[in-house]
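Beneath this line is the structure, given in structure tokens, with notes to follow.
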Amino acid sequence: MGRDRLIDAVVLAAGKGTRMKSDLPKVLHEIAGRPLLDHVLDTVAAVGIDHTVVVVGHEADLVEKTCRREGIEFVLQEPQLGTGHAVQVAAGSLRMGGYSVVLAGDVPLLRAETLERLLAGTISGGASAVVLTCQVEDAGAYGRIVKDSAGRVLKIVEARDAGPDELAIGEYNTGVFCFKTECLIEALANLTTDNQQGEYYLTDTVAYLVGAGHPVEAVATLDPDEVVGINTVAELEVAESLLARRSR
């Protein structure tokens, strides 16, 4: 894909990672001898994105010191009021007229070619946003992708806010998005905290954009392993083994 377009990345890396049973920020836990965040930043760089905003919070100075590199800007999210709030904190650093990729700092196995496909789907498809999804039998705690009868994305419903019919949906949100930056900024300005957590959900941007007449599309990965998030030591070990298997 040509890089004549402005493309920024926002990487969410503010979490403490309480379930890791460690004072170390979650994104600094390592697989293959390198922090989770470094793997994500490598993937972003591999698709030619040269401006990345990393949203930090817990042990912000340590994260910045450990993962500082050229083309990276760090912004502080304090207090932490949800994923939507995290991207609001980063919004002032985004360049208008282009596209913004949003992804999590604890999803280290995402392939560059999958991120490239997401970018291509947004730029060539003309959508206001594209969400990377995955289809499984039971989507567990992940947000569900709700579509209309024609297969168009309507909204994302977080599992804790979902009803029985929505929980039965197997297509889930991986937490990786690409937005037209203007559409993202507009949607962020209209987020509310009307949900179980009382937080600003990034996922609510989808329903806002659709309601405002801006189509949102889905691009699927067929490999659930590449979008697994790391929340526990056990998941860290699984990711380590998956990465080792991939590189054989």
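Ligands are numbered from 1 in the order shown, residues from 1 within each chain, and chains are lettered A, B, ... in the order they appear in the structure tokens.
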
Neighbours of Ala139 in chain A within 12 Å (only C-alpha atoms; same-chain residues fewer than 6 positions away dropped), as a list in words?
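Once the nearby chain positions are removed, what remains is Thr133, Ile145, Val157, Glu158, Ala159, Ala162, Glu166, Leu167, Ala168, Ile169, Gly170, Glu171, Tyr172, Asn173, Thr174, Pro224 and Val228 of chain A.
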
Report as a Markdown table: every residue of range 44-63 of chain A with an atom at most 12 Å from range 90-100 of chain A, its closest pair of atoms, and their distance in Å to one decimal, counting only C-alpha atoms, with rows sorted by chain and ascending residue number.
| residue | atom | partner | partner_atom | distance |
| --- | --- | --- | --- | --- |
| A:Val44 | CA | A:Ser100 | CA | 11.5 |
| A:Ile49 | CA | A:Ser100 | CA | 9.8 |
| A:Asp50 | CA | A:Ser100 | CA | 11.8 |
| A:His51 | CA | A:Leu94 | CA | 8.8 |
| A:Thr52 | CA | A:Leu94 | CA | 8.9 |
| A:Val53 | CA | A:Ala90 | CA | 6.5 |
| A:Val54 | CA | A:Ala90 | CA | 7.8 |
| A:Val55 | CA | A:Ala90 | CA | 6.7 |
| A:Val56 | CA | A:Ala90 | CA | 10.0 |

Any idea what the distance is between CA of Glu217 in chain A and CA of Ala104 in chain A?
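Between these atoms lies a distance of 19.6 Å.
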
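If you count only C-alpha atoms and ignore residues fewer than 3 places along the chain from Val107 in chain A, what sits within 10 Å of it is Val27, Leu36, Leu37, His39, Val40, Leu103, Ala104, Leu110, Thr174, Gly175, Val176, Asp225, Glu226, Val227, Val228, Gly229, Ile230, Asn231 and Ala239 of chain A.
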
Kindly save the residues from that selection, with N, CA and C atoms included, as a PDB file, in the first residue's frame.
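Listing of out_8.pdb after writing:
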ATOM      1  N   VAL A  27       2.276  -4.084  29.891  1.00  0.00           N
ATOM      2  CA  VAL A  27       2.893  -4.057  28.552  1.00  0.00           C
ATOM      3  C   VAL A  27       4.407  -4.258  28.593  1.00  0.00           C
ATOM      4  N   LEU A  36       5.929  -6.856  25.674  1.00  0.00           N
ATOM      5  CA  LEU A  36       4.745  -6.970  24.820  1.00  0.00           C
ATOM      6  C   LEU A  36       4.589  -5.734  23.941  1.00  0.00           C
ATOM      7  N   LEU A  37       4.793  -4.554  24.527  1.00  0.00           N
ATOM      8  CA  LEU A  37       4.614  -3.311  23.781  1.00  0.00           C
ATOM      9  C   LEU A  37       5.572  -3.221  22.604  1.00  0.00           C
ATOM     10  N   HIS A  39       6.646  -5.637  20.744  1.00  0.00           N
ATOM     11  CA  HIS A  39       6.120  -6.466  19.647  1.00  0.00           C
ATOM     12  C   HIS A  39       5.032  -5.708  18.881  1.00  0.00           C
ATOM     13  N   VAL A  40       4.179  -5.003  19.611  1.00  0.00           N
ATOM     14  CA  VAL A  40       3.108  -4.225  18.971  1.00  0.00           C
ATOM     15  C   VAL A  40       3.696  -3.083  18.142  1.00  0.00           C
ATOM     16  N   LEU A 103      -4.899   0.230  18.533  1.00  0.00           N
ATOM     17  CA  LEU A 103      -4.678  -1.145  18.960  1.00  0.00           C
ATOM     18  C   LEU A 103      -4.127  -1.177  20.378  1.00  0.00           C
ATOM     19  N   ALA A 104      -4.175  -2.358  20.984  1.00  0.00           N
ATOM     20  CA  ALA A 104      -3.786  -2.506  22.382  1.00  0.00           C
ATOM     21  C   ALA A 104      -2.332  -2.919  22.507  1.00  0.00           C
ATOM     22  N   LEU A 110      -0.298  -9.937  16.778  1.00  0.00           N
ATOM     23  CA  LEU A 110      -0.936  -9.450  15.559  1.00  0.00           C
ATOM     24  C   LEU A 110       0.076  -9.407  14.417  1.00  0.00           C
ATOM     25  N   THR A 174     -11.828  -7.520  18.229  1.00  0.00           N
ATOM     26  CA  THR A 174     -10.462  -7.828  18.662  1.00  0.00           C
ATOM     27  C   THR A 174      -9.784  -6.640  19.338  1.00  0.00           C
ATOM     28  N   GLY A 175     -10.420  -5.462  19.260  1.00  0.00           N
ATOM     29  CA  GLY A 175      -9.814  -4.257  19.839  1.00  0.00           C
ATOM     30  C   GLY A 175      -8.902  -3.512  18.890  1.00  0.00           C
ATOM     31  N   VAL A 176      -8.844  -3.954  17.639  1.00  0.00           N
ATOM     32  CA  VAL A 176      -8.017  -3.300  16.625  1.00  0.00           C
ATOM     33  C   VAL A 176      -8.942  -2.607  15.626  1.00  0.00           C
ATOM     34  N   ASP A 225      -5.563 -16.821  17.481  1.00  0.00           N
ATOM     35  CA  ASP A 225      -4.302 -16.738  18.237  1.00  0.00           C
ATOM     36  C   ASP A 225      -3.599 -15.393  18.051  1.00  0.00           C
ATOM     37  N   GLU A 226      -3.739 -14.784  16.862  1.00  0.00           N
ATOM     38  CA  GLU A 226      -2.977 -13.557  16.625  1.00  0.00           C
ATOM     39  C   GLU A 226      -3.586 -12.333  17.303  1.00  0.00           C
ATOM     40  N   VAL A 227      -4.805 -12.475  17.810  1.00  0.00           N
ATOM     41  CA  VAL A 227      -5.449 -11.330  18.462  1.00  0.00           C
ATOM     42  C   VAL A 227      -5.713 -11.584  19.944  1.00  0.00           C
ATOM     43  N   VAL A 228      -5.039 -12.571  20.501  1.00  0.00           N
ATOM     44  CA  VAL A 228      -5.226 -12.866  21.915  1.00  0.00           C
ATOM     45  C   VAL A 228      -4.580 -11.764  22.759  1.00  0.00           C
ATOM     46  N   GLY A 229      -5.335 -11.289  23.749  1.00  0.00           N
ATOM     47  CA  GLY A 229      -4.811 -10.292  24.674  1.00  0.00           C
ATOM     48  C   GLY A 229      -4.187 -10.978  25.884  1.00  0.00           C
ATOM     49  N   ILE A 230      -3.208 -10.329  26.482  1.00  0.00           N
ATOM     50  CA  ILE A 230      -2.496 -10.913  27.621  1.00  0.00           C
ATOM     51  C   ILE A 230      -2.980 -10.247  28.907  1.00  0.00           C
ATOM     52  N   ASN A 231      -3.622 -11.036  29.764  1.00  0.00           N
ATOM     53  CA  ASN A 231      -4.113 -10.507  31.039  1.00  0.00           C
ATOM     54  C   ASN A 231      -3.582 -11.259  32.248  1.00  0.00           C
ATOM     55  N   ALA A 239       1.133 -17.196  24.892  1.00  0.00           N
ATOM     56  CA  ALA A 239       1.595 -16.324  23.806  1.00  0.00           C
ATOM     57  C   ALA A 239       3.054 -16.617  23.459  1.00  0.00           C
TER      58      ALA A 239
END

From the options A:Arg160, A:Tyr200, A:Arg111, A:Ala129, which residue's atoms come nearest to Ala141 in chain A, counting only C-alpha atoms?
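Closest to Ala141 in chain A of all the choices is A:Arg160.
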
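Between Ser247 in chain A and the candidates A:Glu186, A:Leu109, A:Arg117, A:Pro164, the tightest atom-to-atom separation, counting only C-alpha atoms, involves A:Leu109.
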
Mind checking DSSP for range 69-134 of chain A and telling me the helix (DSSP H, G or I) residues as JSON, numbers by chain?
{"A": [83, 84, 85, 86, 87, 88, 89, 90, 91, 112, 113, 114, 115, 116, 117, 118, 119, 120, 121, 122, 123, 124, 125]}

Output file for the residues above (C-alpha atoms, as an mmCIF file, in the first residue's frame):
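Full text of again.cif as output:
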data_model
loop_
_atom_site.group_PDB
_atom_site.id
_atom_site.type_symbol
_atom_site.label_atom_id
_atom_site.label_comp_id
_atom_site.auth_asym_id
_atom_site.auth_seq_id
_atom_site.Cartn_x
_atom_site.Cartn_y
_atom_site.Cartn_z
ATOM 1 C CA THR A 83 -10.630 2.923 26.247
ATOM 2 C CA GLY A 84 -12.583 5.789 24.695
ATOM 3 C CA HIS A 85 -11.047 8.193 27.192
ATOM 4 C CA ALA A 86 -7.583 6.814 26.382
ATOM 5 C CA VAL A 87 -8.035 7.677 22.704
ATOM 6 C CA GLN A 88 -9.477 11.092 23.650
ATOM 7 C CA VAL A 89 -6.201 11.740 25.485
ATOM 8 C CA ALA A 90 -4.291 10.861 22.306
ATOM 9 C CA ALA A 91 -6.574 12.792 19.939
ATOM 10 C CA ALA A 112 1.682 -7.064 10.025
ATOM 11 C CA GLU A 113 -0.197 -8.457 7.019
ATOM 12 C CA THR A 114 -3.443 -8.471 9.026
ATOM 13 C CA LEU A 115 -2.934 -4.841 10.042
ATOM 14 C CA GLU A 116 -2.141 -4.032 6.394
ATOM 15 C CA ARG A 117 -5.439 -5.655 5.362
ATOM 16 C CA LEU A 118 -7.308 -3.553 7.916
ATOM 17 C CA LEU A 119 -5.708 -0.373 6.562
ATOM 18 C CA ALA A 120 -6.472 -1.355 2.980
ATOM 19 C CA GLY A 121 -10.094 -2.077 3.874
ATOM 20 C CA THR A 122 -10.529 1.385 5.325
ATOM 21 C CA ILE A 123 -8.693 3.345 2.661
ATOM 22 C CA SER A 124 -10.012 1.550 -0.413
ATOM 23 C CA GLY A 125 -13.475 0.820 0.965
#

Point-to-point distance in Å for CA of Leu243 in chain A and CA of Asp61 in chain A
27.9 Å

Go ahead and compute the interatomic distance for CA of Gly17 in chain A and CA of Pro35 in chain A, in Å to one decimal.
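Straight-line distance from CA of Gly17 in chain A to CA of Pro35 in chain A works out to 13.6 Å.
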
Leaving out Lys16 in chain A and any residue of its chain fewer than 4 positions from it, which residues lie within 7 Å of it when counting only C-alpha atoms, given as a PDB file with C-alpha atoms, in the first residue's frame?
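Writing the result to selection-v7.pdb gives the following:
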ATOM      1  CA  PRO A  25       3.197  -2.603  33.920  1.00  0.00           C
ATOM      2  CA  LYS A  26       1.412  -5.222  31.866  1.00  0.00           C
ATOM      3  CA  HIS A  58       0.642   2.995  35.333  1.00  0.00           C
TER       4      HIS A  58
END
